Amino acid sequence: MISTSGEALIKGFMMKSARIHQVPDRYGFYVDVEEYEFGDLDEPLNYKATLLDFEFDKWLEAMNTKMQSIKDNQVWVLVDLPLNGRTVGSKWLFKKKTDMDGYVYTFKARLVAKDYTQTYGVDYGETFSPIADIRAIRILLAIAAFYDYEIFAEGC
């Protein structure tokens with residue numbers, strides 16, 4: 001017996017089709033594994049590994065660029081540490097950006113907080129995460145298109 005969904009129903013058991021599902025070639029999802037090598041780009045895992053990397057000067061430039069960006073955008077406000085407060089550690093993350101051919105064109109460094117060491121009510125009181133509603137973005141784009149304005153993205 002065949003159900004409406006094309007699956008075979010034999011004695012109360014539903015069996016899935018043995019047909020191999022493939023994406024049509026017109027979608028362009030075919031990738032020859034031998035032609036492209038996906039894998040490790042020898043990105044350092046931490047700052048100590050960066051010190052030993054032969055491309056240390058490029059990583060150092062990426063870290064300096066990130067620190068200058070943090071200073072220019074006034075990301076932090078320096079405050080006194082409360083008596084029972086703990087400082088939050090930080091960690092560098094490193095990434096090589098490649099083009100379509102797999103050649104590295106830029107080195108990126110990010111400084112992230114180890115916020116898993118914080119306790120709500122002791123180290124912080126509230127959090128704020130700015131998000132953009134898709135309806136607001138559509139309205140902004142419609143107004144910009146109507147008045148022929150130019151839109152620039154910062155911090156991307």
# chains A, B, ... in the order shown; residues from 1 in each chain; ligands from 1
$ select_by_dssp --residues "region 34-115 of chain A" --states "strand (DSSP E)" --output "MDAnalysis selection string"
chainID A and resid 90:98 104:113
$ write_last_selection --atoms "N, CA, C and O atoms" --output "tab-separated table (two decimals), in the first residue's frame"
chain	number	residue	atom	x	y	z
A	90	SER	N	39.36	38.68	29.19
A	90	SER	CA	39.13	38.79	27.75
A	90	SER	C	40.00	37.80	27.02
A	90	SER	O	40.95	37.24	27.57
A	91	LYS	N	39.68	37.61	25.76
A	91	LYS	CA	40.38	36.62	24.95
A	91	LYS	C	40.40	37.10	23.51
A	91	LYS	O	39.43	37.69	23.03
A	92	TRP	N	41.51	36.87	22.83
A	92	TRP	CA	41.63	37.22	21.41
A	92	TRP	C	41.20	36.03	20.57
A	92	TRP	O	41.57	34.89	20.84
A	93	LEU	N	40.40	36.30	19.53
A	93	LEU	CA	40.03	35.30	18.53
A	93	LEU	C	40.59	35.76	17.20
A	93	LEU	O	40.50	36.94	16.85
A	94	PHE	N	41.15	34.83	16.44
A	94	PHE	CA	41.82	35.17	15.19
A	94	PHE	C	41.18	34.43	14.02
A	94	PHE	O	40.82	33.26	14.14
A	95	LYS	N	41.05	35.12	12.89
A	95	LYS	CA	40.43	34.54	11.71
A	95	LYS	C	41.08	35.09	10.46
A	95	LYS	O	41.36	36.28	10.36
A	96	LYS	N	41.36	34.20	9.51
A	96	LYS	CA	41.85	34.62	8.19
A	96	LYS	C	40.67	34.66	7.24
A	96	LYS	O	39.92	33.70	7.13
A	97	LYS	N	40.51	35.76	6.55
A	97	LYS	CA	39.45	35.90	5.56
A	97	LYS	C	40.03	35.58	4.19
A	97	LYS	O	41.08	36.09	3.81
A	98	THR	N	39.32	34.73	3.44
A	98	THR	CA	39.81	34.30	2.13
A	98	THR	C	38.86	34.76	1.04
A	98	THR	O	37.67	34.99	1.28
A	104	VAL	N	44.25	34.10	1.18
A	104	VAL	CA	44.02	34.96	2.34
A	104	VAL	C	44.20	36.41	1.92
A	104	VAL	O	45.23	36.78	1.37
A	105	TYR	N	43.18	37.24	2.16
A	105	TYR	CA	43.31	38.65	1.80
A	105	TYR	C	43.31	39.56	3.02
A	105	TYR	O	43.67	40.73	2.91
A	106	THR	N	42.89	39.06	4.18
A	106	THR	CA	42.96	39.89	5.38
A	106	THR	C	43.01	39.02	6.63
A	106	THR	O	42.55	37.89	6.63
A	107	PHE	N	43.59	39.59	7.66
A	107	PHE	CA	43.70	38.94	8.96
A	107	PHE	C	42.80	39.71	9.92
A	107	PHE	O	42.91	40.92	10.03
A	108	LYS	N	41.90	39.02	10.61
A	108	LYS	CA	40.97	39.65	11.53
A	108	LYS	C	41.26	39.19	12.95
A	108	LYS	O	41.53	38.02	13.18
A	109	ALA	N	41.20	40.10	13.89
A	109	ALA	CA	41.35	39.79	15.30
A	109	ALA	C	40.16	40.39	16.04
A	109	ALA	O	39.73	41.51	15.73
A	110	ARG	N	39.60	39.63	16.98
A	110	ARG	CA	38.48	40.10	17.79
A	110	ARG	C	38.83	39.93	19.25
A	110	ARG	O	39.39	38.91	19.64
A	111	LEU	N	38.49	40.90	20.03
A	111	LEU	CA	38.67	40.82	21.48
A	111	LEU	C	37.30	40.57	22.09
A	111	LEU	O	36.40	41.39	21.95
A	112	VAL	N	37.14	39.42	22.73
A	112	VAL	CA	35.85	39.06	23.31
A	112	VAL	C	35.98	38.92	24.82
A	112	VAL	O	37.04	38.57	25.34
A	113	ALA	N	34.89	39.20	25.51
A	113	ALA	CA	34.87	39.11	26.98
A	113	ALA	C	34.53	37.69	27.39
A	113	ALA	O	33.72	37.02	26.75
$ atom_distance --atom1 "CA of Tyr103 (chain A)" --atom2 "CA of Ile70 (chain A)"
27.8 Å
$ atom_distance --atom1 "CA of Phe54 (chain A)" --atom2 "CA of Asp42 (chain A)"
10.6 Å
$ residues_around --residues "region 124-138 of chain A" --least-positions-apart "4" --cutoff "12 Å" --atoms "only C-alpha atoms" --output "ChimeraX atom specification"
/A:81-82,84-88,115,117-120,142-145,151
$ closest_residue --among "A:Glu43, A:Gly121, A:Ala153, A:Asp72" --to "Lys58 (chain A)" --atoms "only C-alpha atoms"
A:Glu43
$ atom_distance --atom1 "CA of Glu61 (chain A)" --atom2 "CA of Tyr116 (chain A)"
28.3 Å
